[in-house]
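Raw protein10.cif, mmCIF, C-alpha atoms:
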data_entry
loop_
_atom_site.label_atom_id
_atom_site.label_comp_id
_atom_site.auth_asym_id
_atom_site.auth_seq_id
_atom_site.Cartn_x
_atom_site.Cartn_y
_atom_site.Cartn_z
CA MET C 1 -16.15 32.24 -49.87
CA ARG C 2 -12.37 32.02 -49.64
CA VAL C 3 -10.68 35.30 -48.72
CA ASP C 4 -7.36 36.06 -50.45
CA TYR C 5 -5.46 37.56 -47.48
CA LEU C 6 -2.16 37.65 -49.38
CA GLY C 7 -3.78 39.60 -52.18
CA LEU C 8 -5.36 42.04 -49.73
CA GLU C 9 -2.00 42.51 -48.03
CA ALA C 10 -0.38 43.26 -51.39
CA PHE C 11 -3.13 45.74 -52.29
CA VAL C 12 -2.73 47.66 -49.01
CA ALA C 13 1.05 47.80 -49.38
CA VAL C 14 0.88 49.24 -52.89
CA ALA C 15 -1.86 51.70 -51.93
CA GLU C 16 0.04 52.96 -48.87
CA LEU C 17 3.45 53.24 -50.55
CA GLY C 18 2.22 54.33 -53.99
CA SER C 19 4.80 52.11 -55.62
CA PHE C 20 5.01 48.50 -56.72
CA SER C 21 8.75 48.38 -56.16
CA ARG C 22 8.58 49.72 -52.58
CA ALA C 23 5.61 47.43 -51.80
CA ALA C 24 7.55 44.46 -53.13
CA GLN C 25 10.47 45.34 -50.87
CA ARG C 26 8.18 45.62 -47.82
CA LEU C 27 6.65 42.21 -48.50
CA ASN C 28 9.96 40.64 -49.54
CA LEU C 29 8.56 39.74 -52.96
CA THR C 30 9.64 40.21 -56.53
CA GLN C 31 7.63 42.80 -58.48
CA THR C 32 6.41 39.98 -60.72
CA ALA C 33 5.04 38.05 -57.73
CA LEU C 34 3.46 41.22 -56.34
CA SER C 35 1.82 42.03 -59.68
CA HIS C 36 0.47 38.47 -59.81
CA ARG C 37 -1.15 38.87 -56.38
CA ILE C 38 -2.78 42.16 -57.36
CA ARG C 39 -4.04 40.75 -60.67
CA LYS C 40 -5.40 37.65 -58.93
CA ILE C 41 -7.38 39.59 -56.32
CA GLU C 42 -8.79 41.95 -58.94
CA GLU C 43 -9.93 38.95 -60.99
CA ASP C 44 -11.46 37.41 -57.88
CA LEU C 45 -13.34 40.63 -57.02
CA GLY C 46 -14.28 41.31 -60.62
CA THR C 47 -13.11 44.94 -60.54
CA ARG C 48 -9.97 47.04 -60.86
CA LEU C 49 -8.47 48.35 -57.61
CA LEU C 50 -5.34 50.07 -58.90
CA VAL C 51 -4.41 52.05 -61.96
CA ARG C 52 -0.72 51.84 -62.76
CA THR C 53 1.08 54.22 -65.13
CA SER C 54 4.75 54.61 -65.87
CA ARG C 55 5.09 57.29 -63.19
CA GLU C 56 2.49 56.58 -60.47
CA VAL C 57 -0.08 54.23 -58.97
CA SER C 58 -3.58 55.47 -58.14
CA LEU C 59 -6.68 53.90 -56.64
CA THR C 60 -9.91 53.35 -58.51
CA MET C 61 -13.17 54.24 -56.78
CA ALA C 62 -13.52 50.59 -55.74
CA GLY C 63 -9.97 50.66 -54.39
CA GLN C 64 -10.63 53.86 -52.44
CA ALA C 65 -13.74 52.31 -50.85
CA LEU C 66 -11.96 49.05 -50.03
CA LEU C 67 -8.67 50.40 -48.62
CA PRO C 68 -9.76 51.69 -45.14
CA GLN C 69 -11.88 48.60 -44.51
CA VAL C 70 -9.14 46.16 -45.46
CA ARG C 71 -6.42 48.10 -43.62
CA GLY C 72 -8.42 48.07 -40.38
CA ARG C 73 -9.15 44.37 -40.60
CA LEU C 74 -5.58 43.43 -41.42
CA GLU C 75 -4.40 45.43 -38.40
CA THR C 76 -6.92 43.59 -36.23
CA LEU C 77 -5.74 40.24 -37.59
CA ALA C 78 -2.12 41.20 -36.97
CA GLU C 79 -2.91 42.08 -33.35
CA LEU C 80 -4.83 38.83 -32.87
CA TYR C 81 -2.02 36.83 -34.44
CA GLY C 82 0.53 38.51 -32.19
CA ALA C 83 -1.56 37.86 -29.08
CA VAL C 84 -1.93 34.17 -29.94
CA ARG C 85 1.79 33.91 -30.71
CA ASP C 86 2.70 35.55 -27.39
CA SER C 87 0.28 33.24 -25.58
CA GLY C 88 1.85 30.24 -27.28
CA ARG C 89 5.33 31.35 -26.30
CA GLU C 90 4.17 31.89 -22.72
CA ALA C 91 2.62 28.41 -22.66
CA MET C 92 5.96 26.98 -23.77
CA ARG C 93 7.57 28.44 -20.65
CA LYS C 94 5.28 26.69 -18.18
CA VAL C 95 3.80 23.30 -17.43
CA VAL C 96 0.50 22.91 -15.58
CA PHE C 97 -0.60 19.66 -13.98
CA ALA C 98 -3.10 18.60 -11.32
CA SER C 99 -2.84 16.10 -8.46
CA VAL C 100 -4.72 14.89 -5.42
CA PRO C 101 -3.18 16.64 -2.38
CA THR C 102 -1.91 13.52 -0.60
CA ILE C 103 0.18 12.43 -3.58
CA ALA C 104 1.33 15.97 -4.31
CA GLY C 105 2.29 16.76 -0.73
CA TYR C 106 4.43 13.71 -0.06
CA TYR C 107 5.72 12.31 -3.32
CA LEU C 108 5.96 15.30 -5.64
CA ALA C 109 7.43 18.16 -3.60
CA GLY C 110 11.07 17.04 -3.88
CA LEU C 111 10.56 15.79 -7.40
CA MET C 112 9.33 19.23 -8.51
CA ARG C 113 12.54 20.79 -7.18
CA THR C 114 14.65 18.32 -9.17
CA PHE C 115 12.60 18.94 -12.30
CA SER C 116 12.83 22.72 -11.86
CA GLU C 117 16.61 22.63 -11.45
CA ALA C 118 16.87 20.68 -14.71
CA ASN C 119 14.52 23.08 -16.53
CA GLN C 120 15.64 26.60 -15.67
CA GLY C 121 13.22 29.32 -16.75
CA LEU C 122 10.23 26.98 -16.80
CA SER C 123 7.30 27.74 -14.47
CA ILE C 124 5.67 24.70 -12.82
CA ILE C 125 2.04 25.10 -11.79
CA LEU C 126 0.50 22.41 -9.57
CA LEU C 127 -3.26 22.38 -9.06
CA ASP C 128 -3.83 20.27 -5.94
CA GLN C 129 -7.47 19.18 -6.02
CA PRO C 130 -9.84 16.35 -5.03
CA ALA C 131 -9.83 13.31 -7.29
CA ALA C 132 -12.90 14.17 -9.36
CA ALA C 133 -11.73 17.76 -9.83
CA VAL C 134 -8.38 16.53 -11.17
CA VAL C 135 -10.16 14.67 -13.97
CA SER C 136 -12.42 17.59 -14.91
CA THR C 137 -9.47 20.01 -14.84
CA VAL C 138 -7.60 17.85 -17.34
CA GLN C 139 -10.74 17.36 -19.42
CA ARG C 140 -11.19 21.15 -19.72
CA GLY C 141 -7.57 21.57 -20.79
CA GLU C 142 -6.64 23.61 -17.71
CA ALA C 143 -3.92 21.07 -16.89
CA GLU C 144 -1.94 18.93 -19.30
CA PHE C 145 -2.19 15.86 -17.10
CA GLY C 146 -3.36 14.84 -13.65
CA ILE C 147 -2.40 12.40 -10.91
CA THR C 148 -5.47 10.98 -9.18
CA ILE C 149 -7.11 7.77 -8.02
CA THR C 150 -8.92 5.43 -10.33
CA GLY C 151 -12.59 6.01 -10.95
CA ALA C 152 -15.09 6.73 -13.69
CA THR C 153 -13.56 8.85 -16.43
CA PRO C 154 -15.17 10.70 -19.37
CA TRP C 155 -14.77 9.29 -22.87
CA ASP C 156 -12.26 11.96 -23.87
CA VAL C 157 -9.89 11.24 -20.96
CA GLN C 158 -7.52 8.28 -20.77
CA THR C 159 -5.81 6.79 -17.72
CA GLU C 160 -2.47 5.13 -17.07
CA TYR C 161 -1.94 2.97 -13.97
CA LEU C 162 0.97 4.17 -11.82
CA CYS C 163 0.84 2.35 -8.46
CA THR C 164 -1.36 0.92 -5.73
CA GLU C 165 -1.51 2.40 -2.25
CA PRO C 166 -3.18 0.77 0.81
CA TYR C 167 -5.47 2.50 3.29
CA VAL C 168 -4.97 2.36 7.04
CA LEU C 169 -7.14 2.98 10.07
CA LEU C 170 -5.88 6.05 11.93
CA VAL C 171 -6.43 6.09 15.68
CA ASN C 172 -5.12 8.13 18.59
CA ARG C 173 -2.08 6.47 20.20
CA HIS C 174 -4.06 6.14 23.43
CA HIS C 175 -6.99 4.43 21.68
CA LYS C 176 -7.75 0.83 22.67
CA LEU C 177 -6.83 -0.37 19.18
CA ALA C 178 -3.47 1.43 19.10
CA GLU C 179 -1.56 -1.57 20.48
CA ARG C 180 -2.77 -3.79 17.64
CA LYS C 181 -0.68 -4.39 14.51
CA THR C 182 -3.71 -4.95 12.31
CA VAL C 183 -7.48 -4.53 12.57
CA ARG C 184 -10.58 -6.14 11.12
CA ARG C 185 -13.61 -4.38 9.70
CA GLU C 186 -15.69 -5.31 12.74
CA ASP C 187 -13.27 -3.38 14.97
CA LEU C 188 -14.72 -0.16 13.57
CA LEU C 189 -18.24 -0.89 14.82
CA GLY C 190 -19.36 1.37 17.64
CA GLU C 191 -16.55 3.87 17.00
CA PRO C 192 -17.22 7.47 15.93
CA LEU C 193 -15.63 8.01 12.51
CA VAL C 194 -14.79 11.10 10.50
CA ARG C 195 -14.78 11.23 6.71
CA ILE C 196 -13.78 13.87 4.21
CA ARG C 197 -16.64 15.53 2.40
CA THR C 198 -14.71 16.60 -0.72
CA GLN C 199 -13.23 13.15 -1.35
CA SER C 200 -16.34 11.43 -2.71
CA THR C 201 -14.23 9.00 -4.78
CA ASN C 202 -12.26 7.96 -1.70
CA ARG C 203 -15.45 7.63 0.32
CA GLN C 204 -17.09 5.42 -2.30
CA LEU C 205 -14.01 3.19 -2.48
CA ILE C 206 -13.89 2.79 1.31
CA GLU C 207 -17.59 2.06 1.63
CA GLU C 208 -17.50 -0.54 -1.16
CA SER C 209 -14.41 -2.24 0.28
CA LEU C 210 -15.84 -2.46 3.79
CA GLY C 211 -18.98 -4.10 2.40
CA ASN C 212 -21.97 -4.58 4.71
CA VAL C 213 -19.98 -3.32 7.69
CA SER C 214 -19.87 0.13 6.09
CA ARG C 215 -23.63 0.60 6.51
CA GLN C 216 -23.30 -0.12 10.23
CA LEU C 217 -20.54 2.37 10.89
CA ASP C 218 -21.03 5.59 12.81
CA TRP C 219 -19.83 8.27 10.35
CA ARG C 220 -20.43 10.95 12.93
CA PHE C 221 -18.22 13.69 11.55
CA GLU C 222 -17.59 15.10 8.11
CA VAL C 223 -14.85 17.62 7.31
CA GLN C 224 -13.35 19.29 4.24
CA ASN C 225 -9.78 17.95 4.23
CA ALA C 226 -7.51 15.20 5.55
CA ALA C 227 -5.59 17.51 7.89
CA THR C 228 -8.77 18.37 9.82
CA ALA C 229 -9.75 14.70 9.99
CA MET C 230 -6.35 13.80 11.44
CA ASN C 231 -6.63 16.58 14.02
CA LEU C 232 -9.96 15.13 15.17
CA VAL C 233 -8.27 11.76 15.54
CA ALA C 234 -5.35 13.33 17.40
CA ALA C 235 -7.82 14.94 19.80
CA GLY C 236 -9.45 11.56 20.48
CA THR C 237 -12.72 12.74 18.94
CA ALA C 238 -12.95 10.10 16.21
CA ILE C 239 -11.05 7.58 14.12
CA THR C 240 -10.71 7.62 10.32
CA VAL C 241 -9.61 5.65 7.28
CA LEU C 242 -7.08 7.34 5.00
CA PRO C 243 -4.35 6.39 2.51
CA ARG C 244 -1.19 5.14 4.19
CA LEU C 245 0.98 8.01 3.02
CA THR C 246 -1.00 10.45 5.17
CA MET C 247 0.85 8.87 8.07
CA TYR C 248 3.93 10.83 6.98
CA GLN C 249 2.00 14.07 7.48
CA ALA C 250 0.04 13.00 10.55
CA PRO C 251 0.52 14.37 14.07
CA HIS C 252 2.75 12.16 16.22
CA GLN C 253 -0.27 11.22 18.38
CA LEU C 254 -1.62 9.01 15.58
CA VAL C 255 -1.12 5.31 14.83
CA GLY C 256 -1.86 3.69 11.45
CA LEU C 257 -3.23 0.14 11.42
CA SER C 258 -3.52 -2.11 8.36
CA PHE C 259 -6.66 -4.13 7.62
CA GLU C 260 -6.17 -7.89 7.78
CA ASP C 261 -9.52 -9.05 6.40
CA VAL C 262 -9.97 -6.81 3.37
CA ASP C 263 -7.81 -5.45 0.58
CA LEU C 264 -8.51 -1.76 1.06
CA SER C 265 -6.34 0.15 -1.39
CA ARG C 266 -6.49 2.67 -4.19
CA ALA C 267 -4.97 2.64 -7.66
CA VAL C 268 -3.12 5.85 -8.47
CA VAL C 269 -3.35 6.81 -12.14
CA ALA C 270 -2.23 9.51 -14.54
CA VAL C 271 -5.01 11.10 -16.61
CA THR C 272 -4.55 12.88 -19.93
CA ARG C 273 -6.84 14.12 -22.68
CA ARG C 274 -7.37 11.46 -25.30
CA ALA C 275 -5.53 12.13 -28.59
CA VAL C 276 -3.98 15.35 -27.22
CA PRO C 277 -0.16 15.05 -27.05
CA LEU C 278 1.68 16.43 -24.04
CA SER C 279 4.24 19.18 -24.38
CA ASP C 280 7.86 18.08 -24.07
CA ALA C 281 8.04 19.59 -20.57
CA ALA C 282 4.87 17.84 -19.41
CA GLU C 283 6.01 14.53 -20.88
CA SER C 284 9.33 14.84 -19.07
CA LEU C 285 7.65 15.70 -15.75
CA LEU C 286 5.16 12.85 -16.06
CA ALA C 287 8.02 10.44 -16.76
CA MET C 288 9.69 11.52 -13.50
CA ILE C 289 6.44 11.09 -11.57
CA ARG C 290 5.89 7.69 -13.18
CA GLN C 291 9.34 6.56 -12.03
CA ARG C 292 8.85 7.96 -8.52
CA LEU C 293 5.51 6.26 -7.95
CA SER C 294 6.77 2.95 -9.33
CA GLU C 295 9.07 2.82 -6.30
CA ILE C 296 6.18 2.76 -3.80
#
Show this structure as structure tokens.
Amino acid sequence: MRVDYLGLEAFVAVAELGSFSRAAQRLNLTQTALSHRIRKIEEDLGTRLLVRTSREVSLTMAGQALLPQVRGRLETLAELYGAVRDSGREAMRKVVFASVPTIAGYYLAGLMRTFSEANQGLSIILLDQPAAAVVSTVQRGEAEFGITITGATPWDVQTEYLCTEPYVLLVNRHHKLAERKTVRREDLLGEPLVRIRTQSTNRQLIEESLGNVSRQLDWRFEVQNAATAMNLVAAGTAITVLPRLTMYQAPHQLVGLSFEDVDLSRAVVAVTRRAVPLSDAAESLLAMIRQRLSEI
């Protein structure tokens, strides 16, 4: 059943003010329009709510029973409407996006400063997360878009290719391979390696790219983040395979070596919810990120 909220609003105004003219002024209506709303809701309910004489307006028994119920519900609706409006205005003053930490840490830090200076009063919230978490965060609507590496995506998420980034073998500068310019997959055999537990997408990509050699490798250590893995390499405890840009954050004791016998790289993509348009701020920020990553 359709509820005539405008008619209920008119009824409450007349009942509270005891006057059609004052109620019309409150609602910014003509008295004719107000009378039409009252008549319409009475016809819809099948009963009189108000009795109007030349000098006063009074409530019928049905009107007296209805007034407190309607007034309370209209107040609740007004509060809910105000809360949603305030939330919408707050959302307009911020942009939330997600990114894998390696991309965020190196490529986006300076870009965020530039974007912030051009958008005074706008809060920028970056959720730096593992690749799979970036996708799920966007899917749940907690971030407007995400920057991650390519992989399986849900049906309601779409991807846009941004750039390709190679992986390198990270070794201690005193390691026997450190003097080499490039390495082959077989050079990893017999070496203790460390991988990152939270980066399952990265791990799968590396293992698939290394082929049969991957099953022969000694993945002796597993840690939670890239910084810990690089510290193990710096200490001479292990070697690891990470995206090339981690070299810019690596301790000076490390050397990055490219692979000569395999194309080991990752595609960096932007993810958004399918059929859900970005806010103007998010669209502007994504455009800046798109331009920045195209320069890699």
Checklist entry - So what does the PyMOL selection byres ((chain C and resi 144) around 7) actually pick up in this one, as a PyMOL selection string? => result chain C and resi 96-97+138+141-143+145+272+278+282
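For the choices C:Ile125, C:Val3, C:Val57, C:Cys163, the atom-to-atom distance to C:Ile41 is smallest for C:Val3 when using only C-alpha atoms.
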Please report, as lines of an AutoDock Vina configuration file, the centre and edge lengths in Å to one decimal of an axis-aligned box covering all listed atoms of stretch 271-282 of chain C with 8 Å per side.
center_x = 0.3
center_y = 15.3
center_z = -22.6
size_x = 31.4
size_y = 24.5
size_z = 28.0
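If you apply the PyMOL selection byres ((chain C and resi 62) around 9) to this structure, you end up with Thr47, Arg48, Leu49, Leu50, Leu59, Thr60, Met61, Gly63, Gln64, Ala65, Leu66 and Leu67 of chain C.
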Next on the checklist: Once the PyMOL selection byres ((chain C and resi 15) around 12) has been evaluated on this model, what residues remain selected, and can you format them as a ChimeraX atom specification?
Outcome noted: /C:8-14,16-24,38,49-52,56-60,63-68,70-71
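Distances here use all atoms listed in the file; by that measure, the residue among C:Gln224, C:Glu186, C:Arg93, C:Gln216 closest to C:Pro130 is C:Gln224.
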Item to check | Residue nearest C:Leu245 among C:Val223, C:Val213, C:Ala132, C:Ala104 (counting only C-alpha atoms) | outcome: C:Ala104
Next on the checklist: Around (-12.7, 11.3, -21.0), as given in the file, which residues come within 10 Å? Count only C-alpha atoms and list them as JSON, numbers by chain.
Outcome noted: {"C": [135, 136, 138, 139, 152, 153, 154, 155, 156, 157, 158, 159, 271, 272, 273, 274]}
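Residues lying within 12 Å of C:Thr228, counting all atoms listed in the file and ignoring same-chain neighbours fewer than 4 positions away, are C:Val194, C:Arg195, C:Ile196, C:Arg197, C:Phe221, C:Glu222, C:Val223, C:Gln224, C:Leu232, C:Val233, C:Ala234, C:Ala235, C:Thr237, C:Ala238, C:Ile239, C:Thr240, C:Gln249, C:Ala250, C:Pro251.
Coordinates place atom CA of C:Asp187 at a distance of 10.1 Å from atom CA of C:Leu217.
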Checklist outcome for this item: Of C:Gly46, C:Gly146, C:Pro192, C:Pro166, the one sitting nearest C:Ala133 when using only C-alpha atoms is C:Gly146
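Put simply, atom CA of C:Tyr107 is 26.9 Å away from atom CA of C:Leu193.
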